[in-house]
$ cat input-v7.txt   # compact mmCIF, C-alpha atoms and all ligand atoms
# COMPACT_ATOMS: atom_id res chain seq x y z
CA MET A 207 284.55 219.22 255.88
CA THR A 208 285.33 215.53 256.36
CA SER A 209 287.51 213.67 253.87
CA LYS A 210 284.40 211.85 252.59
CA GLU A 211 282.57 215.15 252.05
CA LEU A 212 285.68 216.58 250.39
CA VAL A 213 286.09 213.72 247.92
CA ALA A 214 282.38 213.85 247.08
CA SER A 215 282.37 217.59 246.34
CA TYR A 216 285.66 217.39 244.39
CA THR A 217 284.18 214.57 242.31
CA TYR A 218 280.94 216.47 241.67
CA GLU A 219 282.91 219.48 240.40
CA LEU A 220 284.89 217.16 238.15
CA VAL A 221 281.90 215.43 236.57
CA LYS A 222 279.15 218.07 236.56
CA ASN A 223 280.03 219.31 233.06
CA LYS A 224 279.30 215.82 231.70
CA PHE A 225 275.66 216.02 232.75
CA HIS A 226 273.00 216.68 230.08
CA LYS A 227 269.33 215.92 229.55
CA ASP A 228 269.96 212.37 228.32
CA PHE A 229 272.54 211.50 230.98
CA ILE A 230 272.00 208.45 233.19
CA LEU A 231 273.77 208.55 236.56
CA GLY A 232 274.38 205.51 238.75
CA ILE A 233 274.69 206.09 242.49
CA GLY A 234 276.37 203.72 244.93
CA THR A 235 275.97 202.82 248.58
CA GLY A 236 277.64 203.70 251.86
CA SER A 237 278.73 206.77 253.80
CA THR A 238 280.97 208.15 251.03
CA ALA A 239 278.31 207.62 248.35
CA ASN A 240 275.88 209.32 250.75
CA CYS A 241 278.06 212.45 250.70
CA PHE A 242 277.75 212.44 246.90
CA ILE A 243 273.99 211.94 247.24
CA GLU A 244 273.83 215.02 249.50
CA ILE A 245 275.35 217.08 246.69
CA ILE A 246 272.96 215.63 244.11
CA LYS A 247 270.08 216.54 246.43
CA LYS A 248 271.33 220.12 246.65
CA GLU A 249 272.40 220.68 243.04
CA LYS A 250 269.56 218.75 241.37
CA PRO A 251 271.44 218.27 238.06
CA GLU A 252 269.32 218.15 234.91
CA ILE A 253 269.76 214.54 233.84
CA LYS A 254 267.49 211.89 232.35
CA ALA A 255 267.59 209.24 235.07
CA LEU A 256 269.11 208.10 238.34
CA VAL A 257 269.88 204.44 239.00
CA SER A 258 270.80 203.28 242.48
CA SER A 259 272.67 200.22 243.74
CA SER A 260 270.68 199.73 246.95
CA GLU A 261 267.34 200.26 248.63
CA ALA A 262 269.15 202.43 251.22
CA SER A 263 270.41 204.90 248.60
CA SER A 264 267.11 204.79 246.70
CA ASN A 265 265.20 205.62 249.89
CA ILE A 266 267.40 208.65 250.65
CA LEU A 267 266.91 209.98 247.13
CA ARG A 268 263.18 209.23 247.01
CA SER A 269 262.66 211.04 250.32
CA GLU A 270 263.91 214.16 248.52
CA GLY A 271 261.52 213.66 245.62
CA PHE A 272 263.96 212.06 243.16
CA GLU A 273 262.66 209.30 240.94
CA ILE A 274 264.80 206.16 240.84
CA SER A 275 264.84 204.26 237.55
CA GLU A 276 265.25 200.53 237.09
CA LEU A 277 268.46 199.53 235.33
CA ASN A 278 266.35 197.26 233.11
CA ASP A 279 264.35 200.24 231.90
CA VAL A 280 267.08 202.76 231.15
CA GLY A 281 270.05 200.71 229.91
CA GLY A 282 273.62 201.40 231.01
CA PRO A 283 274.44 204.49 233.10
CA ASP A 284 276.90 206.97 231.59
CA LEU A 285 278.62 207.19 234.96
CA TYR A 286 278.58 205.24 238.22
CA VAL A 287 279.94 206.83 241.42
CA ASP A 288 280.53 204.64 244.46
CA GLY A 289 282.85 204.09 247.42
CA ALA A 290 284.97 201.09 248.39
CA ASP A 291 286.46 199.34 251.41
CA GLU A 292 289.90 198.78 249.84
CA VAL A 293 291.58 200.02 246.63
CA ASN A 294 294.93 198.88 245.22
CA ASP A 295 297.15 200.63 242.67
CA LYS A 296 295.50 198.76 239.78
CA PHE A 297 292.13 200.22 240.88
CA GLU A 298 290.92 196.76 241.87
CA LEU A 299 288.58 197.01 244.83
CA ILE A 300 287.04 195.26 247.75
CA LYS A 301 283.46 196.38 248.29
CA GLY A 302 280.50 195.00 250.20
CA GLY A 303 281.06 196.33 253.70
CA GLY A 304 277.44 197.44 253.47
CA GLY A 305 276.37 194.17 251.86
CA ALA A 306 275.27 195.85 248.62
CA HIS A 307 278.08 194.58 246.39
CA THR A 308 275.97 192.37 244.11
CA ARG A 309 273.82 195.24 242.85
CA GLU A 310 276.85 197.54 242.94
CA LYS A 311 278.75 195.18 240.66
CA ILE A 312 275.81 194.97 238.27
CA VAL A 313 275.49 198.76 238.02
CA ALA A 314 279.28 199.16 237.70
CA ALA A 315 279.41 196.52 234.96
CA ALA A 316 276.58 198.17 233.06
CA SER A 317 278.11 201.66 233.31
CA ARG A 318 280.32 203.32 230.73
CA GLU A 319 282.48 204.86 233.45
CA PHE A 320 282.97 203.89 237.11
CA ILE A 321 284.50 206.49 239.42
CA CYS A 322 285.40 205.18 242.87
CA ILE A 323 285.48 207.80 245.65
CA ILE A 324 287.35 207.07 248.86
CA ASP A 325 289.25 208.60 251.73
CA ASP A 326 292.95 207.79 251.93
CA SER A 327 292.43 205.10 254.59
CA LYS A 328 291.03 202.82 251.86
CA ILE A 329 294.26 202.74 249.83
CA VAL A 330 296.15 199.46 250.28
CA LYS A 331 299.23 197.81 248.75
CA LYS A 332 297.45 194.47 248.62
CA LEU A 333 293.73 193.68 248.87
CA GLY A 334 292.48 191.29 251.51
CA ALA A 335 292.80 192.73 255.00
CA PHE A 336 289.18 193.90 254.91
CA PRO A 337 286.81 190.92 255.34
CA LEU A 338 285.43 189.94 251.94
CA ALA A 339 281.63 189.92 251.76
CA ILE A 340 280.16 186.98 249.89
CA GLU A 341 276.41 187.04 249.21
CA VAL A 342 274.94 183.53 249.42
CA ILE A 343 271.57 181.92 248.83
CA PRO A 344 270.38 181.18 252.42
CA SER A 345 270.04 177.40 251.99
CA ALA A 346 273.59 177.19 250.58
CA ARG A 347 275.31 179.10 253.40
CA SER A 348 276.91 176.13 255.21
CA TYR A 349 277.95 174.42 251.98
CA VAL A 350 279.54 177.61 250.67
CA ALA A 351 281.27 178.17 254.04
CA ARG A 352 282.82 174.67 253.82
CA GLN A 353 284.08 175.33 250.28
CA ILE A 354 285.62 178.59 251.47
CA VAL A 355 287.36 176.82 254.37
CA ALA A 356 288.74 174.32 251.82
CA MET A 357 290.21 177.33 249.97
CA GLY A 358 291.93 178.45 253.20
CA GLY A 359 289.40 181.17 254.04
CA LYS A 360 287.80 181.85 257.41
CA PRO A 361 284.11 182.73 256.96
CA THR A 362 281.87 184.46 259.51
CA TYR A 363 278.10 184.60 259.07
CA ARG A 364 276.82 188.21 259.18
CA VAL A 365 274.06 187.37 261.65
CA GLY A 366 270.71 189.11 261.17
CA PHE A 367 271.68 190.80 257.91
CA VAL A 368 269.51 190.25 254.83
CA THR A 369 270.61 191.70 251.50
CA ASP A 370 268.32 193.69 249.20
CA ASN A 371 268.04 190.45 247.21
CA GLY A 372 266.81 188.44 250.21
CA ASN A 373 270.11 186.62 250.72
CA GLN A 374 272.77 186.27 253.45
CA ILE A 375 276.37 187.39 253.78
CA LEU A 376 279.53 185.52 254.75
CA ASP A 377 282.45 187.81 255.66
CA VAL A 378 285.69 186.03 254.84
CA ILE A 379 289.30 186.64 255.85
CA ASN A 380 292.47 184.77 254.98
CA LEU A 381 291.81 184.28 251.25
CA ASN A 382 294.58 184.45 248.68
CA PHE A 383 294.64 187.84 246.92
CA ASP A 384 297.79 187.37 244.80
CA VAL A 385 295.62 187.58 241.66
CA PRO A 386 292.34 189.20 242.74
CA TYR A 387 290.35 188.41 239.59
CA GLU A 388 291.17 184.69 239.92
CA THR A 389 289.83 184.66 243.49
CA GLU A 390 286.79 186.65 242.35
CA ILE A 391 286.00 184.13 239.61
CA ARG A 392 286.79 181.06 241.74
CA LEU A 393 284.47 182.14 244.54
CA ASN A 394 281.66 182.89 242.11
CA ARG A 395 281.91 179.34 240.73
CA ILE A 396 280.78 177.85 244.06
CA PRO A 397 277.10 176.88 243.74
CA GLY A 398 275.05 179.10 246.03
CA VAL A 399 277.33 182.12 245.77
CA VAL A 400 275.48 185.08 244.29
CA ASP A 401 278.49 187.38 244.07
CA ASN A 402 281.50 188.45 246.09
CA GLY A 403 282.90 191.89 246.87
CA ILE A 404 286.05 191.68 244.73
CA PHE A 405 285.85 194.20 241.89
CA ALA A 406 288.72 193.03 239.68
CA THR A 407 286.99 191.83 236.52
CA ARG A 408 285.19 195.20 236.54
CA LYS A 409 287.52 197.52 238.39
CA ALA A 410 287.22 201.28 238.74
CA ASP A 411 288.12 203.46 235.76
CA LYS A 412 289.11 206.33 238.01
CA VAL A 413 289.78 206.59 241.74
CA ILE A 414 289.47 209.88 243.58
CA SER A 415 290.73 210.04 247.14
CA ALA A 416 290.94 212.64 249.89
CA ASP A 417 292.49 213.24 253.27
CA SER A 418 291.15 215.89 255.60
CA SER A 419 292.63 218.76 253.57
CA GLU A 420 292.64 217.90 249.86
CA ALA A 421 291.22 215.54 247.22
CA ARG A 422 293.00 214.26 244.14
CA CYS A 423 292.72 211.73 241.30
CA LEU A 424 295.00 208.74 241.87
C1 LIG B 1 278.69 198.90 250.29
C2 LIG B 1 280.03 199.27 249.78
C3 LIG B 1 280.58 200.59 250.16
O1 LIG B 1 280.91 201.29 249.00
C4 LIG B 1 281.81 200.38 250.98
O2 LIG B 1 281.48 199.55 252.10
C5 LIG B 1 282.40 201.70 251.48
O3 LIG B 1 281.53 202.28 252.39
P1 LIG B 1 281.84 203.67 253.09
O4 LIG B 1 281.82 204.71 252.03
O5 LIG B 1 280.74 203.81 254.11
O6 LIG B 1 283.19 203.55 253.76
O7 LIG B 1 280.67 198.54 249.07
O8 LIG B 1 278.36 197.59 249.95

$ encode --input "input-v7.txt" --output "structure tokens"
Amino acid sequence: MTSKELVASYTYELVKNKFHKDFILGIGTGSTANCFIEIIKKEKPEIKALVSSSEASSNILRSEGFEISELNDVGGPDLYVDGADEVNDKFELIKGGGGAHTREKIVAAASREFICIIDDSKIVKKLGAFPLAIEVIPSARSYVARQIVAMGGKPTYRVGFVTDNGNQILDVINLNFDVPYETEIRLNRIPGVVDNGIFATRKADKVISADSSEARCL
């Protein structure tokens, strides 16, 4: 079993007793979330609804016959399970390596509980080594890039990538992460920014991590 498979199955065992007929489960995006999706496909828990944070995850689940509900229709999920690119000891995260962070942040914000599942390579002392994904309205890309440069950041356009919302991504290094939520808020104030991949105003409630031999709650 890989560390991503291990953390997914450990997490499923931990949360499965919470499931009931009125339970709403939010599912994230990426290779670690996909391992959790594999277990959902196999176990088919009896819950009321599944909400997904990306077309990619929705498509995997639909191909197995699962119905995906709209967040607008079902209200807040009881639990959201998703991966991350970096996690610090305050459970603040960088997400968006897959470019799905805007919807991920919406589902996380709407959820009663957010469990982040990672392998140990994602644990960092300080956020910011992983390029920060910023979703931008296409016509604002150059303007936003200039504002980011003025903040000291170095943006790179993720060429050819279109988000589920029809927007573009700038991947940014060299930003100041001394106070992650301040950077999160400051970036989101730039006109044309849809959202960035810092999850500090809505961080994870629980982080579960694994290496190749064991998983544990941090
Ligand atoms: C997608 C994400 C993912 O959760 C993040 O990139 C981690 O992905 P993986 O589990 O494949 O390492 O934020 O936008």

$ residues_around --input "input-v7.txt" --residues "A:Glu298" --least-positions-apart "3" --cutoff "6 Å" --atoms "all atoms listed in the file" --output "list in words"
Val293, Asn294, Phe405, Ala406 and Lys409 of chain A

$ closest_residue --input "input-v7.txt" --among "A:Ala255, A:Leu220, A:Ala262, A:Ile245" --to "ligand LIG 1 (chain B)" --atoms "only C-alpha atoms and all ligand atoms"
A:Ala262

$ residues_around --input "input-v7.txt" --residues "A:Phe336" --least-positions-apart "6" --cutoff "8 Å" --atoms "only C-alpha atoms" --output "number ranges by chain"
A: 291-292, 300, 379

$ residues_near_ligand --input "input-v7.txt" --ligand "ligand LIG 1 (chain B)" --cutoff "10 Å" --atoms "all atoms listed in the file" --output "PyMOL selection string"
chain A and resi 210+234-241+259-260+287-292+299-311+322-325+327-328+336+339+369+403-405

$ closest_residue --input "input-v7.txt" --among "A:Gly398, A:Lys360, A:Val313, A:Pro251" --to "A:Ala346" --atoms "all atoms listed in the file"
A:Gly398

$ residues_around --input "input-v7.txt" --residues "A:Gly358" --least-positions-apart "3" --cutoff "10 Å" --atoms "all atoms listed in the file" --output "mmCIF file with C-alpha atoms, in the coordinates of the input"
data_model
loop_
_atom_site.group_PDB
_atom_site.id
_atom_site.type_symbol
_atom_site.label_atom_id
_atom_site.label_comp_id
_atom_site.auth_asym_id
_atom_site.auth_seq_id
_atom_site.Cartn_x
_atom_site.Cartn_y
_atom_site.Cartn_z
ATOM 1 C CA ARG A 352 282.820 174.670 253.820
ATOM 2 C CA GLN A 353 284.080 175.330 250.280
ATOM 3 C CA ILE A 354 285.620 178.590 251.470
ATOM 4 C CA VAL A 355 287.360 176.820 254.370
ATOM 5 C CA PRO A 361 284.110 182.730 256.960
ATOM 6 C CA VAL A 378 285.690 186.030 254.840
ATOM 7 C CA ILE A 379 289.300 186.640 255.850
ATOM 8 C CA ASN A 380 292.470 184.770 254.980
ATOM 9 C CA LEU A 381 291.810 184.280 251.250
ATOM 10 C CA ASN A 382 294.580 184.450 248.680
#

$ atom_distance --input "input-v7.txt" --atom1 "atom CA of A:Gly232" --atom2 "atom CA of A:Ala315"
11.0 Å

$ closest_residue --input "input-v7.txt" --among "A:Ala410, A:Ile312, A:Leu424, A:Leu333" --to "A:Thr389" --atoms "all atoms listed in the file"
A:Leu333

$ atom_distance --input "input-v7.txt" --atom1 "atom CA of A:Leu285" --atom2 "atom CA of A:Glu252"
14.4 Å

$ closest_residue --input "input-v7.txt" --among "A:Glu249, A:Arg268, A:Ala316, A:Ser263" --to "A:Asp370" --atoms "only C-alpha atoms"
A:Ser263

$ closest_residue --input "input-v7.txt" --among "A:Tyr218, A:Asn373, A:Phe225, A:Glu276" --to "A:Ser264" --atoms "all atoms listed in the file"
A:Glu276

$ residues_near_point --input "input-v7.txt" --point "(277.3, 203.6, 235.4)" --cutoff "7 Å" --atoms "all atoms listed in the file" --output "ChimeraX atom specification"
/A:231-232,282-286,313-314,316-320

$ write_last_selection --input "input-v7.txt" --atoms "C-alpha atoms" --output "compact mmCIF listing (two decimals), in the frame of the given file"
# COMPACT_ATOMS: atom_id res chain seq x y z
CA LEU A 231 273.77 208.55 236.56
CA GLY A 232 274.38 205.51 238.75
CA GLY A 282 273.62 201.40 231.01
CA PRO A 283 274.44 204.49 233.10
CA ASP A 284 276.90 206.97 231.59
CA LEU A 285 278.62 207.19 234.96
CA TYR A 286 278.58 205.24 238.22
CA VAL A 313 275.49 198.76 238.02
CA ALA A 314 279.28 199.16 237.70
CA ALA A 316 276.58 198.17 233.06
CA SER A 317 278.11 201.66 233.31
CA ARG A 318 280.32 203.32 230.73
CA GLU A 319 282.48 204.86 233.45
CA PHE A 320 282.97 203.89 237.11

$ atom_distance --input "input-v7.txt" --atom1 "atom CA of A:Tyr363" --atom2 "atom CA of A:Ile375"
6.2 Å

$ axis_aligned_box --input "input-v7.txt" --around "stretch 351-361 of chain A" --padding-each-side "8 Å" --output "lines of an AutoDock Vina configuration file"
center_x = 286.6
center_y = 178.5
center_z = 253.7
size_x = 26.7
size_y = 24.4
size_z = 23.4
